[in-house]
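K.L.:
data.cif is reproduced in full below (mmCIF, N, CA and C atoms and all ligand atoms).
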data_coords
loop_
_atom_site.group_PDB
_atom_site.id
_atom_site.type_symbol
_atom_site.label_atom_id
_atom_site.label_comp_id
_atom_site.auth_asym_id
_atom_site.auth_seq_id
_atom_site.Cartn_x
_atom_site.Cartn_y
_atom_site.Cartn_z
ATOM 1 N N MET A 1442 36.029 -17.955 -7.793
ATOM 2 C CA MET A 1442 34.703 -17.509 -7.299
ATOM 3 C C MET A 1442 33.776 -17.155 -8.466
ATOM 4 N N PRO A 1443 32.515 -17.485 -8.337
ATOM 5 C CA PRO A 1443 31.568 -17.124 -9.404
ATOM 6 C C PRO A 1443 31.347 -15.611 -9.445
ATOM 7 N N CYS A 1444 31.064 -15.139 -10.605
ATOM 8 C CA CYS A 1444 30.846 -13.701 -10.753
ATOM 9 C C CYS A 1444 29.420 -13.335 -10.341
ATOM 10 N N GLN A 1445 29.290 -12.582 -9.267
ATOM 11 C CA GLN A 1445 27.951 -12.199 -8.785
ATOM 12 C C GLN A 1445 27.874 -10.688 -8.582
ATOM 13 N N PRO A 1446 26.701 -10.137 -8.719
ATOM 14 C CA PRO A 1446 26.556 -8.707 -8.404
ATOM 15 C C PRO A 1446 26.718 -8.484 -6.914
ATOM 16 N N THR A 1447 27.124 -7.322 -6.514
ATOM 17 C CA THR A 1447 27.278 -7.062 -5.085
ATOM 18 C C THR A 1447 25.903 -7.109 -4.425
ATOM 19 N N PRO A 1448 25.836 -7.705 -3.257
ATOM 20 C CA PRO A 1448 24.557 -7.869 -2.559
ATOM 21 C C PRO A 1448 23.810 -6.548 -2.369
ATOM 22 N N ARG A 1449 24.575 -5.508 -2.063
ATOM 23 C CA ARG A 1449 23.938 -4.228 -1.779
ATOM 24 C C ARG A 1449 23.144 -3.728 -2.989
ATOM 25 N N VAL A 1450 23.765 -3.776 -4.134
ATOM 26 C CA VAL A 1450 23.107 -3.290 -5.352
ATOM 27 C C VAL A 1450 21.905 -4.151 -5.718
ATOM 28 N N SER A 1451 22.078 -5.453 -5.676
ATOM 29 C CA SER A 1451 20.982 -6.317 -6.111
ATOM 30 C C SER A 1451 19.792 -6.240 -5.147
ATOM 31 N N LEU A 1452 20.078 -6.086 -3.874
ATOM 32 C CA LEU A 1452 18.989 -5.978 -2.902
ATOM 33 C C LEU A 1452 18.210 -4.684 -3.122
ATOM 34 N N ARG A 1453 18.959 -3.641 -3.400
ATOM 35 C CA ARG A 1453 18.330 -2.344 -3.639
ATOM 36 C C ARG A 1453 17.439 -2.400 -4.878
ATOM 37 N N LEU A 1454 17.948 -3.012 -5.891
ATOM 38 C CA LEU A 1454 17.192 -3.151 -7.124
ATOM 39 C C LEU A 1454 15.946 -3.996 -6.893
ATOM 40 N N TRP A 1455 16.124 -5.063 -6.174
ATOM 41 C CA TRP A 1455 15.007 -5.958 -5.890
ATOM 42 C C TRP A 1455 13.907 -5.228 -5.134
ATOM 43 N N LYS A 1456 14.298 -4.457 -4.144
ATOM 44 C CA LYS A 1456 13.321 -3.708 -3.352
ATOM 45 C C LYS A 1456 12.567 -2.701 -4.215
ATOM 46 N N THR A 1457 13.286 -2.019 -5.065
ATOM 47 C CA THR A 1457 12.663 -1.028 -5.941
ATOM 48 C C THR A 1457 11.650 -1.684 -6.859
ATOM 49 N N MET A 1458 12.041 -2.786 -7.446
ATOM 50 C CA MET A 1458 11.143 -3.499 -8.347
ATOM 51 C C MET A 1458 9.929 -4.027 -7.596
ATOM 52 N N LYS A 1459 10.211 -4.591 -6.440
ATOM 53 C CA LYS A 1459 9.149 -5.185 -5.640
ATOM 54 C C LYS A 1459 8.109 -4.130 -5.267
ATOM 55 N N LYS A 1460 8.588 -2.982 -4.885
ATOM 56 C CA LYS A 1460 7.690 -1.928 -4.453
ATOM 57 C C LYS A 1460 6.795 -1.449 -5.595
ATOM 58 N N SER A 1461 7.390 -1.318 -6.783
ATOM 59 C CA SER A 1461 6.609 -0.819 -7.913
ATOM 60 C C SER A 1461 5.592 -1.842 -8.397
ATOM 61 N N GLU A 1462 5.758 -3.080 -7.976
ATOM 62 C CA GLU A 1462 4.812 -4.116 -8.376
ATOM 63 C C GLU A 1462 3.591 -4.158 -7.472
ATOM 64 N N LEU A 1463 3.691 -3.544 -6.323
ATOM 65 C CA LEU A 1463 2.590 -3.596 -5.377
ATOM 66 C C LEU A 1463 1.408 -2.771 -5.861
ATOM 67 N N PRO A 1464 0.207 -3.300 -5.652
ATOM 68 C CA PRO A 1464 -0.988 -2.527 -6.003
ATOM 69 C C PRO A 1464 -1.108 -1.294 -5.120
ATOM 70 N N GLN A 1465 -1.774 -0.293 -5.644
ATOM 71 C CA GLN A 1465 -1.890 0.949 -4.898
ATOM 72 C C GLN A 1465 -3.325 1.449 -4.973
ATOM 73 N N LYS A 1466 -3.782 2.064 -3.900
ATOM 74 C CA LYS A 1466 -5.109 2.689 -3.881
ATOM 75 C C LYS A 1466 -4.985 4.068 -3.260
ATOM 76 N N THR A 1467 -6.005 4.883 -3.475
ATOM 77 C CA THR A 1467 -6.004 6.195 -2.854
ATOM 78 C C THR A 1467 -7.069 6.234 -1.769
ATOM 79 N N CYS A 1468 -6.671 6.645 -0.609
ATOM 80 C CA CYS A 1468 -7.593 6.730 0.523
ATOM 81 C C CYS A 1468 -8.572 7.887 0.290
ATOM 82 N N PRO A 1469 -9.885 7.622 0.336
ATOM 83 C CA PRO A 1469 -10.879 8.677 0.081
ATOM 84 C C PRO A 1469 -10.990 9.676 1.221
ATOM 85 N N VAL A 1470 -10.417 9.362 2.372
ATOM 86 C CA VAL A 1470 -10.495 10.266 3.521
ATOM 87 C C VAL A 1470 -9.354 11.279 3.499
ATOM 88 N N CYS A 1471 -8.127 10.788 3.459
ATOM 89 C CA CYS A 1471 -6.980 11.703 3.503
ATOM 90 C C CYS A 1471 -6.408 11.979 2.109
ATOM 91 N N LYS A 1472 -6.997 11.328 1.100
ATOM 92 C CA LYS A 1472 -6.608 11.537 -0.300
ATOM 93 C C LYS A 1472 -5.160 11.168 -0.598
ATOM 94 N N ARG A 1473 -4.592 10.338 0.238
ATOM 95 C CA ARG A 1473 -3.216 9.930 0.011
ATOM 96 C C ARG A 1473 -3.158 8.498 -0.509
ATOM 97 N N PRO A 1474 -2.236 8.250 -1.422
ATOM 98 C CA PRO A 1474 -2.090 6.884 -1.925
ATOM 99 C C PRO A 1474 -1.459 5.970 -0.888
ATOM 100 N N PHE A 1475 -1.920 4.743 -0.873
ATOM 101 C CA PHE A 1475 -1.292 3.769 0.026
ATOM 102 C C PHE A 1475 -1.059 2.469 -0.717
ATOM 103 N N LEU A 1476 -0.047 1.777 -0.270
ATOM 104 C CA LEU A 1476 0.363 0.553 -0.946
ATOM 105 C C LEU A 1476 -0.210 -0.686 -0.266
ATOM 106 N N TRP A 1477 -0.289 -1.700 -1.076
ATOM 107 C CA TRP A 1477 -0.727 -3.006 -0.586
ATOM 108 C C TRP A 1477 0.093 -3.425 0.626
ATOM 109 N N ARG A 1478 -0.588 -4.015 1.589
ATOM 110 C CA ARG A 1478 0.120 -4.535 2.755
ATOM 111 C C ARG A 1478 -0.209 -6.004 2.952
ATOM 112 N N LYS A 1479 0.724 -6.651 3.579
ATOM 113 C CA LYS A 1479 0.598 -8.097 3.760
ATOM 114 C C LYS A 1479 -0.676 -8.480 4.510
ATOM 115 N N LYS A 1480 -1.030 -7.677 5.490
ATOM 116 C CA LYS A 1480 -2.216 -7.992 6.307
ATOM 117 C C LYS A 1480 -3.513 -7.896 5.500
ATOM 118 N N TRP A 1481 -3.438 -7.239 4.317
ATOM 119 C CA TRP A 1481 -4.621 -7.090 3.478
ATOM 120 C C TRP A 1481 -4.671 -8.132 2.361
ATOM 121 N N LYS A 1482 -3.749 -9.049 2.430
ATOM 122 C CA LYS A 1482 -3.593 -10.045 1.376
ATOM 123 C C LYS A 1482 -4.927 -10.670 0.942
ATOM 124 N N LYS A 1483 -5.729 -11.080 1.912
ATOM 125 C CA LYS A 1483 -6.982 -11.776 1.601
ATOM 126 C C LYS A 1483 -8.128 -10.811 1.351
ATOM 127 N N ASP A 1484 -7.927 -9.577 1.714
ATOM 128 C CA ASP A 1484 -9.054 -8.646 1.756
ATOM 129 C C ASP A 1484 -8.820 -7.372 0.952
ATOM 130 N N TRP A 1485 -7.855 -7.422 0.053
ATOM 131 C CA TRP A 1485 -7.439 -6.207 -0.660
ATOM 132 C C TRP A 1485 -8.589 -5.538 -1.404
ATOM 133 N N ASP A 1486 -9.459 -6.324 -2.000
ATOM 134 C CA ASP A 1486 -10.576 -5.751 -2.763
ATOM 135 C C ASP A 1486 -11.512 -4.913 -1.886
ATOM 136 N N ASN A 1487 -11.558 -5.263 -0.620
ATOM 137 C CA ASN A 1487 -12.453 -4.547 0.288
ATOM 138 C C ASN A 1487 -11.772 -3.402 1.032
ATOM 139 N N VAL A 1488 -10.468 -3.312 0.857
ATOM 140 C CA VAL A 1488 -9.744 -2.248 1.556
ATOM 141 C C VAL A 1488 -9.942 -0.919 0.829
ATOM 142 N N ARG A 1489 -10.387 0.087 1.540
ATOM 143 C CA ARG A 1489 -10.602 1.405 0.930
ATOM 144 C C ARG A 1489 -9.814 2.501 1.612
ATOM 145 N N TYR A 1490 -9.445 2.270 2.857
ATOM 146 C CA TYR A 1490 -8.809 3.334 3.621
ATOM 147 C C TYR A 1490 -7.394 2.947 4.012
ATOM 148 N N CYS A 1491 -6.535 3.953 4.129
ATOM 149 C CA CYS A 1491 -5.127 3.690 4.408
ATOM 150 C C CYS A 1491 -4.929 3.191 5.830
ATOM 151 N N SER A 1492 -5.849 3.524 6.708
ATOM 152 C CA SER A 1492 -5.658 3.148 8.106
ATOM 153 C C SER A 1492 -7.001 3.031 8.821
ATOM 154 N N GLU A 1493 -6.941 2.457 9.994
ATOM 155 C CA GLU A 1493 -8.130 2.327 10.827
ATOM 156 C C GLU A 1493 -8.690 3.700 11.175
ATOM 157 N N LYS A 1494 -7.789 4.638 11.376
ATOM 158 C CA LYS A 1494 -8.167 6.009 11.713
ATOM 159 C C LYS A 1494 -9.057 6.611 10.626
ATOM 160 N N CYS A 1495 -8.623 6.464 9.375
ATOM 161 C CA CYS A 1495 -9.381 7.002 8.261
ATOM 162 C C CYS A 1495 -10.707 6.262 8.097
ATOM 163 N N ARG A 1496 -10.669 4.969 8.307
ATOM 164 C CA ARG A 1496 -11.879 4.175 8.166
ATOM 165 C C ARG A 1496 -12.944 4.650 9.160
ATOM 166 N N ARG A 1497 -12.526 4.899 10.374
ATOM 167 C CA ARG A 1497 -13.458 5.370 11.402
ATOM 168 C C ARG A 1497 -13.963 6.779 11.089
ATOM 169 N N GLN A 1498 -13.056 7.592 10.623
ATOM 170 C CA GLN A 1498 -13.415 8.964 10.281
ATOM 171 C C GLN A 1498 -14.515 8.962 9.214
ATOM 172 N N ARG A 1499 -14.327 8.076 8.250
ATOM 173 C CA ARG A 1499 -15.282 7.975 7.154
ATOM 174 C C ARG A 1499 -16.646 7.494 7.652
ATOM 175 N N SER A 1500 -16.616 6.436 8.482
ATOM 176 C CA SER A 1500 -17.880 5.848 8.907
ATOM 177 C C SER A 1500 -18.648 6.784 9.828
ATOM 178 N N SER A 1501 -17.964 7.769 10.427
ATOM 179 C CA SER A 1501 -18.666 8.721 11.271
ATOM 180 C C SER A 1501 -19.299 9.836 10.436
ATOM 181 N N HIS A 1502 -18.995 9.817 9.135
ATOM 182 C CA HIS A 1502 -19.559 10.831 8.239
ATOM 183 C C HIS A 1502 -20.461 10.219 7.177
ATOM 184 N N ILE A 1503 -21.067 9.104 7.508
ATOM 185 C CA ILE A 1503 -21.946 8.465 6.526
ATOM 186 C C ILE A 1503 -23.127 9.390 6.202
ATOM 187 N N GLY A 1504 -23.412 9.544 4.924
ATOM 188 C CA GLY A 1504 -24.477 10.440 4.521
ATOM 189 C C GLY A 1504 -23.956 11.825 4.205
ATOM 190 N N ASP A 1505 -22.680 12.033 4.449
ATOM 191 C CA ASP A 1505 -22.055 13.314 4.199
ATOM 192 C C ASP A 1505 -21.429 13.417 2.805
ATOM 193 N N ASP A 1506 -21.680 12.385 2.010
ATOM 194 C CA ASP A 1506 -21.008 12.293 0.711
ATOM 195 C C ASP A 1506 -21.334 13.439 -0.240
ATOM 196 N N GLU A 1507 -20.318 14.095 -0.705
ATOM 197 C CA GLU A 1507 -20.403 15.206 -1.667
ATOM 198 C C GLU A 1507 -21.548 16.169 -1.349
HETATM 199 ZN ZN ZN B 1601 -6.321 7.792 4.823
#
What would you get if you wrote out this structure as structure tokens?
P.N.:
Amino acid sequence: MPCQPTPRVSLRLWKTMKKSELPQKTCPVCKRPFLWRKKWKKDWDNVRYCSEKCRRQRSSHIGDDE
């Protein structure tokens, strides 16, 4: 048999590496960092909020900036 790393270890390592490679932004509403998601693939540059909830919260406070 060929010498291979155990699947469990390599998968864990892969996931860790993969996660750290993802772009990250901070939501201006809840101030929490959020990671890139697949659904934002085409629109990442325009994504500012971690969720629809935060996006709506923000848009209801337009003009309230600082
Ligand atoms: Zn948020």
K.L.:
Please write the residues picked by the PyMOL selection byres (((not hetatm)) within 8 of (chain B and resi 1601)) on this file as a PyMOL selection string.
P.N.:
chain A and resi 1467-1475+1489-1496
K.L.:
In Å, with one decimal, what is the gap from atom N of A:Lys1479 to atom CA of A:Ser1500?
P.N.:
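Straight-line distance from atom N of A:Lys1479 to atom CA of A:Ser1500 works out to 23.0 Å.
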K.L.:
Using Å and a single decimal, report how far atom CA of A:Arg1478 sits from atom N of A:Glu1462.
P.N.:
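Distance reported for this atom pair: 12.2 Å.
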K.L.:
Using atom CA of A:Leu1476 and atom CA of A:Pro1464 as the two end points, give the distance in Å to one decimal.
P.N.:
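Spanning atom CA of A:Leu1476 to atom CA of A:Pro1464 is a straight-line distance of 6.1 Å.
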